[in-house]
Structures are given as C-alpha cells and as structure tokens.
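So this block is start_20.txt, compact mmCIF, C-alpha atoms:
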```txt
# COMPACT_ATOMS: atom_id res chain seq x y z
CA MET R 1 -62.47 112.98 -24.23
CA GLY R 2 -64.36 109.75 -23.75
CA ILE R 3 -61.48 107.82 -25.17
CA LEU R 4 -59.02 109.56 -22.83
CA LYS R 5 -61.31 109.03 -19.84
CA ASN R 6 -61.77 105.38 -20.57
CA THR R 7 -58.07 104.96 -21.23
CA GLY R 8 -57.26 106.57 -17.88
CA MET R 9 -59.63 104.31 -16.06
CA ASN R 10 -58.16 101.28 -17.77
CA PHE R 11 -54.61 102.41 -16.90
CA LYS R 12 -55.55 102.78 -13.21
CA ARG R 13 -57.08 99.34 -13.23
CA VAL R 14 -53.95 97.86 -14.82
CA VAL R 15 -51.70 99.59 -12.29
CA LYS R 16 -53.91 98.37 -9.45
CA ASN R 17 -53.89 94.82 -10.74
CA THR R 18 -50.15 94.87 -11.43
CA GLY R 19 -49.45 96.21 -7.95
CA THR R 20 -51.50 93.44 -6.41
CA SER R 21 -49.61 90.81 -8.41
CA ALA R 22 -46.27 92.31 -7.44
CA LEU R 23 -47.21 92.30 -3.76
CA CYS R 24 -48.24 88.69 -4.01
CA PHE R 25 -44.93 87.81 -5.73
CA LEU R 26 -42.87 89.66 -3.12
CA SER R 27 -44.80 87.96 -0.33
CA VAL R 28 -44.04 84.57 -1.81
CA MET R 29 -40.36 85.50 -2.17
CA ALA R 30 -40.22 86.80 1.39
CA LEU R 31 -41.52 83.49 2.65
CA SER R 32 -39.18 81.50 0.42
CA ILE R 33 -35.88 83.28 1.13
CA PRO R 34 -35.66 82.48 4.87
CA SER R 35 -36.20 78.79 4.17
CA VAL R 36 -33.34 78.76 1.62
CA THR R 37 -31.04 80.65 4.01
CA SER R 38 -31.99 78.32 6.82
CA ALA R 39 -31.18 75.28 4.69
CA GLN R 40 -27.75 76.70 3.85
CA GLY R 41 -27.11 77.66 7.47
CA THR R 42 -27.70 74.14 8.75
CA GLU R 43 -25.36 72.58 6.18
CA PRO R 44 -22.37 71.14 8.13
CA ALA R 45 -19.04 72.90 7.69
CA LYS R 46 -16.43 70.99 5.70
CA ALA R 47 -14.02 69.23 8.03
CA PRO R 48 -10.32 70.13 7.66
CA LEU R 49 -8.14 67.63 5.82
CA THR R 50 -5.74 65.81 8.16
CA ILE R 51 -2.07 65.90 7.15
CA THR R 52 0.10 63.40 9.03
CA LEU R 53 3.77 64.34 9.00
CA TYR R 54 6.43 62.10 10.51
CA ALA R 55 9.16 63.63 12.67
CA GLU R 56 12.36 62.53 14.34
CA ASP R 57 11.84 61.18 17.82
CA SER R 58 15.23 62.01 19.36
CA ASN R 59 16.68 65.12 17.69
CA ILE R 60 16.73 67.50 20.66
CA PRO R 61 16.05 70.46 20.44
CA TYR R 62 14.57 70.21 16.97
CA ALA R 63 12.19 67.24 16.88
CA PHE R 64 11.81 64.68 19.63
CA LEU R 65 9.38 62.92 21.93
CA ASP R 66 8.73 64.51 25.31
CA GLY R 67 7.22 61.47 26.97
CA ALA R 68 4.56 60.54 24.42
CA THR R 69 4.18 64.05 22.98
CA PRO R 70 6.10 65.35 19.93
CA ASP R 71 8.03 68.51 20.76
CA GLY R 72 10.94 70.57 19.52
CA ILE R 73 11.60 73.73 17.55
CA TYR R 74 10.50 72.32 14.18
CA VAL R 75 7.41 70.77 15.76
CA ARG R 76 6.38 74.12 17.24
CA ILE R 77 7.04 75.98 14.00
CA LEU R 78 4.92 73.55 11.98
CA GLN R 79 2.14 73.52 14.55
CA GLU R 80 2.00 77.31 14.35
CA ALA R 81 2.07 77.20 10.54
CA PHE R 82 -0.83 74.74 10.31
CA ALA R 83 -2.80 76.76 12.86
CA ARG R 84 -2.84 79.43 10.14
CA LEU R 85 -4.17 76.93 7.58
CA PRO R 86 -7.73 76.16 8.74
CA GLN R 87 -8.32 73.90 5.73
CA TYR R 88 -5.77 71.43 7.17
CA GLN R 89 -5.25 69.70 10.48
CA LEU R 90 -1.73 68.61 11.42
CA GLU R 91 -0.94 65.29 13.06
CA ILE R 92 2.65 64.36 13.97
CA ALA R 93 4.00 60.84 14.36
CA SER R 94 7.49 60.40 15.80
CA VAL R 95 9.98 57.75 14.65
CA PRO R 96 13.76 57.28 14.62
CA PHE R 97 15.50 59.20 11.84
CA ARG R 98 16.54 56.16 9.85
CA ARG R 99 13.06 54.64 10.07
CA GLY R 100 11.44 57.90 9.00
CA MET R 101 13.63 58.14 5.92
CA GLU R 102 12.86 54.51 5.01
CA LEU R 103 9.12 55.14 5.30
CA LEU R 104 9.44 58.28 3.19
CA LYS R 105 11.46 56.54 0.49
CA ASP R 106 9.00 53.65 0.33
CA GLY R 107 6.07 56.01 -0.19
CA GLN R 108 4.42 55.04 3.10
CA VAL R 109 4.29 58.57 4.55
CA ILE R 110 3.50 61.90 2.95
CA GLY R 111 6.31 63.85 4.62
CA PHE R 112 9.14 63.68 7.15
CA PHE R 113 11.06 66.41 8.96
CA PRO R 114 13.68 67.80 9.33
CA PRO R 115 16.24 66.14 7.00
CA TYR R 116 18.85 68.16 5.12
CA LYS R 117 19.13 68.21 1.33
CA ARG R 118 21.51 65.59 -0.02
CA LYS R 119 22.37 64.71 -3.62
CA ASP R 120 22.04 61.02 -2.88
CA ARG R 121 18.45 61.60 -1.76
CA ASP R 122 17.30 62.32 -5.31
CA TRP R 123 14.23 60.16 -4.65
CA ILE R 124 12.81 63.00 -2.51
CA GLU R 125 10.34 64.72 -4.83
CA ARG R 126 10.13 68.09 -3.13
CA TYR R 127 11.20 69.99 -0.05
CA SER R 128 9.50 72.77 1.84
CA ILE R 129 11.20 76.14 1.86
CA PRO R 130 14.26 76.22 4.18
CA ILE R 131 12.98 76.46 7.74
CA LEU R 132 16.03 76.85 10.01
CA ARG R 133 19.74 77.35 9.42
CA GLU R 134 21.79 74.92 11.50
CA THR R 135 25.55 74.95 12.13
CA VAL R 136 27.30 71.57 12.11
CA VAL R 137 30.40 71.35 14.31
CA ALA R 138 32.89 68.84 15.66
CA ILE R 139 33.68 68.83 19.36
CA CYS R 140 36.51 66.86 20.93
CA SER R 141 37.82 66.23 24.40
CA LYS R 142 40.27 68.91 25.51
CA ASP R 143 43.01 66.28 25.83
CA TYR R 144 42.57 65.17 22.23
CA ALA R 145 42.29 68.72 20.91
CA HIS R 146 45.48 69.84 22.70
CA SER R 147 47.51 66.85 21.55
CA HIS R 148 46.65 67.10 17.84
CA ASP R 149 47.03 69.76 15.17
CA LEU R 150 43.39 70.02 14.04
CA ARG R 151 43.32 72.58 11.26
CA HIS R 152 41.55 70.65 8.50
CA PHE R 153 38.48 68.50 8.88
CA PRO R 154 38.47 65.54 8.44
CA ASP R 155 42.06 65.03 7.19
CA ASP R 156 43.68 65.96 10.51
CA PHE R 157 41.51 63.51 12.45
CA LYS R 158 43.09 60.27 11.27
CA ASP R 159 42.86 57.51 13.92
CA ALA R 160 40.32 59.50 15.95
CA ARG R 161 37.35 57.76 17.54
CA PHE R 162 34.11 59.55 16.65
CA ALA R 163 30.55 59.31 17.92
CA ASN R 164 27.71 59.83 15.48
CA ASN R 165 23.92 59.81 15.57
CA ALA R 166 22.75 56.70 13.72
CA GLY R 167 21.77 57.54 10.15
CA TYR R 168 23.23 61.05 10.22
CA ARG R 169 25.69 62.08 7.49
CA LEU R 170 26.48 65.53 8.88
CA ALA R 171 30.22 64.94 8.87
CA GLY R 172 30.30 64.77 5.07
CA ASN R 173 31.40 62.34 2.36
CA ASP R 174 35.15 62.75 2.97
CA PHE R 175 34.68 61.85 6.62
CA PHE R 176 32.73 58.70 5.83
CA ALA R 177 35.28 57.73 3.18
CA MET R 178 37.90 57.78 5.94
CA VAL R 179 35.59 55.65 8.08
CA GLU R 180 35.26 53.14 5.24
CA ALA R 181 39.05 53.09 4.82
CA GLY R 182 39.52 52.43 8.54
CA ASP R 183 41.24 55.77 9.14
CA ILE R 184 38.52 56.91 11.55
CA ILE R 185 36.74 54.70 14.07
CA LEU R 186 33.00 55.35 14.31
CA GLU R 187 30.54 54.48 17.06
CA GLU R 188 26.85 55.27 16.58
CA ALA R 189 24.00 55.73 19.03
CA ASN R 190 20.46 56.90 18.37
CA THR R 191 20.46 60.02 20.51
CA THR R 192 22.61 63.07 21.13
CA ALA R 193 22.58 62.37 24.86
CA SER R 194 23.95 58.84 24.34
CA ASN R 195 26.75 60.10 22.12
CA LEU R 196 27.64 62.81 24.61
CA ARG R 197 27.87 60.14 27.29
CA PHE R 198 30.36 58.26 25.07
CA LEU R 199 32.41 61.45 24.83
CA MET R 200 32.29 62.24 28.56
CA ALA R 201 33.25 58.66 29.43
CA GLY R 202 36.30 58.82 27.14
CA ARG R 203 34.92 56.07 24.90
CA VAL R 204 35.34 58.39 21.87
CA ASP R 205 37.52 61.41 21.15
CA CYS R 206 35.13 63.55 19.15
CA TYR R 207 31.50 63.99 18.13
CA VAL R 208 29.81 65.68 15.17
CA ASN R 209 26.37 67.26 15.39
CA GLU R 210 24.54 70.54 15.06
CA ARG R 211 25.69 73.12 17.60
CA MET R 212 22.35 73.82 19.27
CA ALA R 213 21.59 70.10 19.38
CA ILE R 214 24.82 69.54 21.32
CA LEU R 215 24.03 72.38 23.73
CA ALA R 216 20.51 71.04 24.25
CA GLY R 217 21.91 67.56 24.84
CA MET R 218 24.23 68.89 27.51
CA ARG R 219 21.32 70.69 29.13
CA GLU R 220 19.30 67.45 29.06
CA LEU R 221 22.16 65.66 30.83
CA GLU R 222 22.52 68.58 33.25
CA VAL R 223 26.19 68.93 32.38
CA ASP R 224 27.69 71.64 34.58
CA GLN R 225 30.18 74.26 33.43
CA ASP R 226 33.18 72.41 34.81
CA VAL R 227 32.37 69.32 32.73
CA SER R 228 31.48 71.33 29.61
CA ARG R 229 34.93 72.95 29.73
CA MET R 230 36.40 69.51 29.13
CA PHE R 231 35.35 69.75 25.46
CA ASN R 232 36.41 72.08 22.66
CA GLU R 233 34.62 72.97 19.46
CA VAL R 234 37.41 72.20 16.99
CA ALA R 235 35.79 72.57 13.56
CA ILE R 236 32.83 74.19 11.86
CA ILE R 237 31.91 71.63 9.21
CA GLY R 238 29.17 73.57 7.52
CA GLN R 239 25.75 75.13 7.70
CA GLU R 240 22.62 73.28 6.75
CA PHE R 241 18.92 74.02 6.49
CA GLY R 242 16.21 71.76 7.82
CA TYR R 243 13.14 71.03 5.69
CA VAL R 244 9.95 69.06 5.46
CA ALA R 245 10.73 66.42 2.82
CA PHE R 246 8.04 64.92 0.60
CA GLY R 247 8.84 61.56 -0.96
CA PRO R 248 7.37 59.46 -3.77
CA ASP R 249 3.66 58.63 -3.89
CA PRO R 250 3.47 55.60 -6.24
CA GLU R 251 -0.11 54.73 -5.26
CA ASN R 252 -1.41 58.31 -5.40
CA GLN R 253 -2.45 58.23 -1.74
CA TRP R 254 -2.03 62.00 -1.36
CA PRO R 255 -3.34 63.73 -4.51
CA TYR R 256 -3.60 66.92 -2.45
CA ARG R 257 0.09 66.87 -1.45
CA ASP R 258 1.42 69.62 -3.70
CA GLN R 259 -1.47 71.95 -2.94
CA ALA R 260 -0.92 71.46 0.79
CA ALA R 261 2.86 71.86 0.42
CA ASP R 262 2.38 75.11 -1.52
CA ALA R 263 0.08 76.46 1.20
CA LEU R 264 2.57 75.46 3.89
CA ASP R 265 5.43 77.17 2.04
CA ALA R 266 3.45 80.40 1.79
CA VAL R 267 2.79 80.46 5.56
CA LEU R 268 6.36 79.48 6.48
CA ARG R 269 7.64 82.29 4.27
CA GLN R 270 5.38 84.79 6.05
CA MET R 271 6.55 83.50 9.45
CA ARG R 272 10.20 83.73 8.44
CA ASN R 273 9.88 87.25 7.00
CA SER R 274 7.94 88.53 10.02
CA GLY R 275 10.46 87.14 12.52
CA GLU R 276 7.96 84.65 13.94
CA ILE R 277 10.28 81.67 13.40
CA ASP R 278 13.11 83.45 15.25
CA ARG R 279 10.70 84.22 18.10
CA LEU R 280 9.70 80.56 18.40
CA VAL R 281 13.37 79.55 18.62
CA VAL R 282 14.04 82.08 21.38
CA ASP R 283 10.87 81.05 23.22
CA TYR R 284 11.91 77.40 23.09
CA PHE R 285 15.22 78.03 24.84
CA ALA R 286 13.57 80.39 27.33
CA TYR R 287 11.03 77.70 28.25
```
Can you present the structure in this file as structure tokens?
Amino acid sequence: MGILKNTGMNFKRVVKNTGTSALCFLSVMALSIPSVTSAQGTEPAKAPLTITLYAEDSNIPYAFLDGATPDGIYVRILQEAFARLPQYQLEIASVPFRRGMELLKDGQVIGFFPPYKRKDRDWIERYSIPILRETVVAICSKDYAHSHDLRHFPDDFKDARFANNAGYRLAGNDFFAMVEAGDIILEEANTTASNLRFLMAGRVDCYVNERMAILAGMRELEVDQDVSRMFNEVAIIGQEFGYVAFGPDPENQWPYRDQAADALDAVLRQMRNSGEIDRLVVDYFAY
C-alpha cells in the first residue's frame, strides 16, 4: 500500500511538473508564431516579369498606333491574355512591319506580332497558337475588273498595276515571280490607307490585302458607299492565321521565353474556346 501511495504521489507530481513545462513551451510558441507570420507578411510581393512584344504600327484594324498608343484587334487580345497572367506584365512597342521582322530575325526582340507563317521564315523558332483567321483578297477598280477576264489569280492579271503594303507577301510566290519578270507592276506604300488612295486615284488597278484590313482602311478614309462601289473584290487568294512570332535568342537574353510562350498559349486557347476572342473582334468594330 505504501508503495502504491508513494507511486501515486510521485505520478501526480510528474504530471504537475510536465503540465507546467508544456504550458511554458506553448507560451513561448504562442509568442514566437506571430513574429514569424509578421515577418512573412511584410516580405514584398514578387514583381511581375515584363514581356516586351513588338507590334506592327500601321496594320489597321489588327495592330497599329492610335496617336502614340498601340491599338488594334491583336493588341486587345494580347492585353486581355496577359491580364490573366499575373506573373507577367505586357509592354508593346510599335514599329513598321519590315523593321519588326528585321529586329526579330537579328535576335533584338523577344517577339513580334502578327506575321503569318512562311516557309522562308525558318529562322523563326516558334509561333504562338493561331490567334485569328484572316482572308486575303484582291480588289480592283470596277473598270479594270469589267474589262478583263479575271478567273485565275495571278495568271489573269498580267500587265496589271498593283499596290502592296511594304514587306507584305500576301499575294503569294507566283504573284511576286510575275513582278520579278515584269509581268505585273508593283507600287508599295507602308499603310493600307496609302495604298487605297493609290487605287482611288487610278494610280494602280488592284490591291491585295486582308479583307477586314481593307474595310477598316476605307472606314479610316471615310470612303462613302458611292466610292466603295467603284471597286470589286475579284479574287480570294487564301486564308491565313496571325501569330506572335518568337525569333532567335543567340545571347540568351530571354531564358524565360518558352515558359512565358507556353503560358500565353494556354490562355489564348481558353479565350478562343470560350468565344472571348470573337467577342473582342465584334467589340472592336462596334467601338
């Protein structure tokens, strides 16, 4: 009995002492945890990584400068896409098409939009997913269209005078082979509006560009219906997709490029599948 009694007393003492130690330990932890949480809470958030993409400066309605501000359908689509990528911040710099492609080829910029895919641009290392389908057409003055049998492009356009946006190859290899051979006369200006002016002034017979770009150019020039009826769409040359193109990076300036491009593709795919890209196109023309 004495042994049991003494053992019980010792057990109570041990429990009492252990409880006191535990309370002390918990008190220390309670004081320590807030200070750790506070230290983590005051740690500055990681700033988003800036991605500077170059865009065309005169491709209305797709990518152009509105005063000093980049605008256009592709610009708005990419701005919306990057708004869904908080780890990145988009900056857009606008340059003429030819200059943008030169910068991309020389590895001076991470990406440029919206060129089409071309076999002779094999130096482009990757493209985004297709963003927009564009329809390339030829339009001619009504007088030229009515006085020629224009069934096959470009064979039936021998001796025609064409306008073309500088650097664009939308009319295709066969067309430019005829230009090289002197069978087609080519005049080039930097903007759609300038080329449409050539056409309206009778300086050229025909003009090749994307259909919506031509319509937007006519709207920019405030061409009325009577004037627009002076031109006929005479050929559908093809359909193309616009992309963000990523060129070579010989000096490894953008080691994060592929990771950022993969993230952009995932968001663009979601926007395409949900109809968001179509909505942005409609909103642009309703603006």
Exercise for the section: Neighbourhood query: residues within 8 Å of (10.4, 55.9, -0.9), file coordinates, counting all atoms listed in the file; return as a ChimeraX atom specification. Expected result: /R:101-108,123-124,247-249
Practice task
Measure the distance from atom CA of R:Ser194 to atom CA of R:Ala55 in Å and round it to one decimal.
Solution key: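 Computing the Euclidean distance for atom CA of R:Ser194 and atom CA of R:Ala55 yields 19.4 Å.
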Practice task
Grab the atom CA of R:Leu85 to atom CA of R:Ala68 distance for me, in Å with one decimal place.
Solution key: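 Value for the atom CA of R:Leu85-atom CA of R:Ala68 distance: 25.1 Å.
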Exercise for the section: Figure out the distance between atom CA of R:Arg121 and atom CA of R:Ile277, please, to one decimal in Å. Expected result: 26.4 Å
Practice task
Within 12 Å of R:Gly182, counting all atoms listed in the file, which residues show up once you throw out same-chain ones fewer than 6 positions away? Write them as a PyMOL selection string, please.
Solution key: chain R and resi 157-161+175-176
Exercise for the section: Please provide as a ChimeraX atom specification all residues within 9 Å of stretch 126-134 of chain R, with the sequence filter that same-chain residues fewer than 2 positions apart are discarded (counting only C-alpha atoms). Expected result: /R:74,77,114,117,124,136,210-212,238-247,258,261-262,264-266,268-269,272,277-278
Exercise for the section: With a distance cut-off of 8 Å and only C-alpha atoms, select the neighbouring residues of R:Asp57, excluding the residue or stretch itself and same-chain residues fewer than 6 positions from it, and output the selection as a VMD selection string. Expected result: chain R and resid 63 to 65 70 94 to 97
Handout entry: Point (30.9, 67.2, 8.6), cut-off 9 Å, counting all atoms listed in the file, residues as a ChimeraX atom specification
Key = /R:136-138,153-154,169-175,208-209,235-238
Problem - Of the listed residues R:Gln259, R:Asn190, R:Asn232, R:Ser147, that which approaches R:Gly167 most closely, counting all atoms listed in the file - result: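 For R:Gly167, the nearest of the given residues is R:Asn190.
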Handout entry: Residue with smallest distance to R:Thr69 - pool R:Ile92, R:Phe82, R:Ala216, R:Asp120, counting all atoms listed in the file
Key =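 Looking at the shortest contact to R:Thr69, the residue is R:Ile92.
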Handout entry: Within 10 Å of stretch 196-202 of chain R using all atoms listed in the file, minus same-chain residues under 5 positions, as a ChimeraX atom specification
Key = /R:139-141,161-164,187-189,191,207,214,217-218,221,223,227-228,230-231
For those residues, write C-alpha atoms to a file as a CSV table (one decimal), in the frame of the given file.
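Result written to again-v2.csv:
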```csv
chain,number,residue,atom,x,y,z
R,139,ILE,CA,33.7,68.8,19.4
R,140,CYS,CA,36.5,66.9,20.9
R,141,SER,CA,37.8,66.2,24.4
R,161,ARG,CA,37.4,57.8,17.5
R,162,PHE,CA,34.1,59.6,16.6
R,163,ALA,CA,30.6,59.3,17.9
R,164,ASN,CA,27.7,59.8,15.5
R,187,GLU,CA,30.5,54.5,17.1
R,188,GLU,CA,26.8,55.3,16.6
R,189,ALA,CA,24.0,55.7,19.0
R,191,THR,CA,20.5,60.0,20.5
R,207,TYR,CA,31.5,64.0,18.1
R,214,ILE,CA,24.8,69.5,21.3
R,217,GLY,CA,21.9,67.6,24.8
R,218,MET,CA,24.2,68.9,27.5
R,221,LEU,CA,22.2,65.7,30.8
R,223,VAL,CA,26.2,68.9,32.4
R,227,VAL,CA,32.4,69.3,32.7
R,228,SER,CA,31.5,71.3,29.6
R,230,MET,CA,36.4,69.5,29.1
R,231,PHE,CA,35.4,69.8,25.5
```
Exercise for the section: Could you tell me which of R:Asn165, R:Gly100, R:Arg279, R:Cys206 comes closest to R:Ile185 if we count all atoms listed in the file? Expected result: R:Cys206
Exercise for the section: Could you check which of R:Glu80, R:Glu91, R:Glu276, R:Asp66 is closest to R:Leu49, using only C-alpha atoms? Expected result: R:Glu91
Exercise for the section: Kindly indicate which residue among R:Leu90, R:Ile110, R:Ala45, R:Ile73 lies nearest to R:Ala286, using all atoms listed in the file for the distances. Expected result: R:Ile73
Fill in the blank from the handout: Residue with the minimum atom-to-atom distance to R:Ala213, picked from R:Asn273, R:Gln87, R:Thr135, R:Thr50 with only C-alpha atoms counted, is R:Thr135
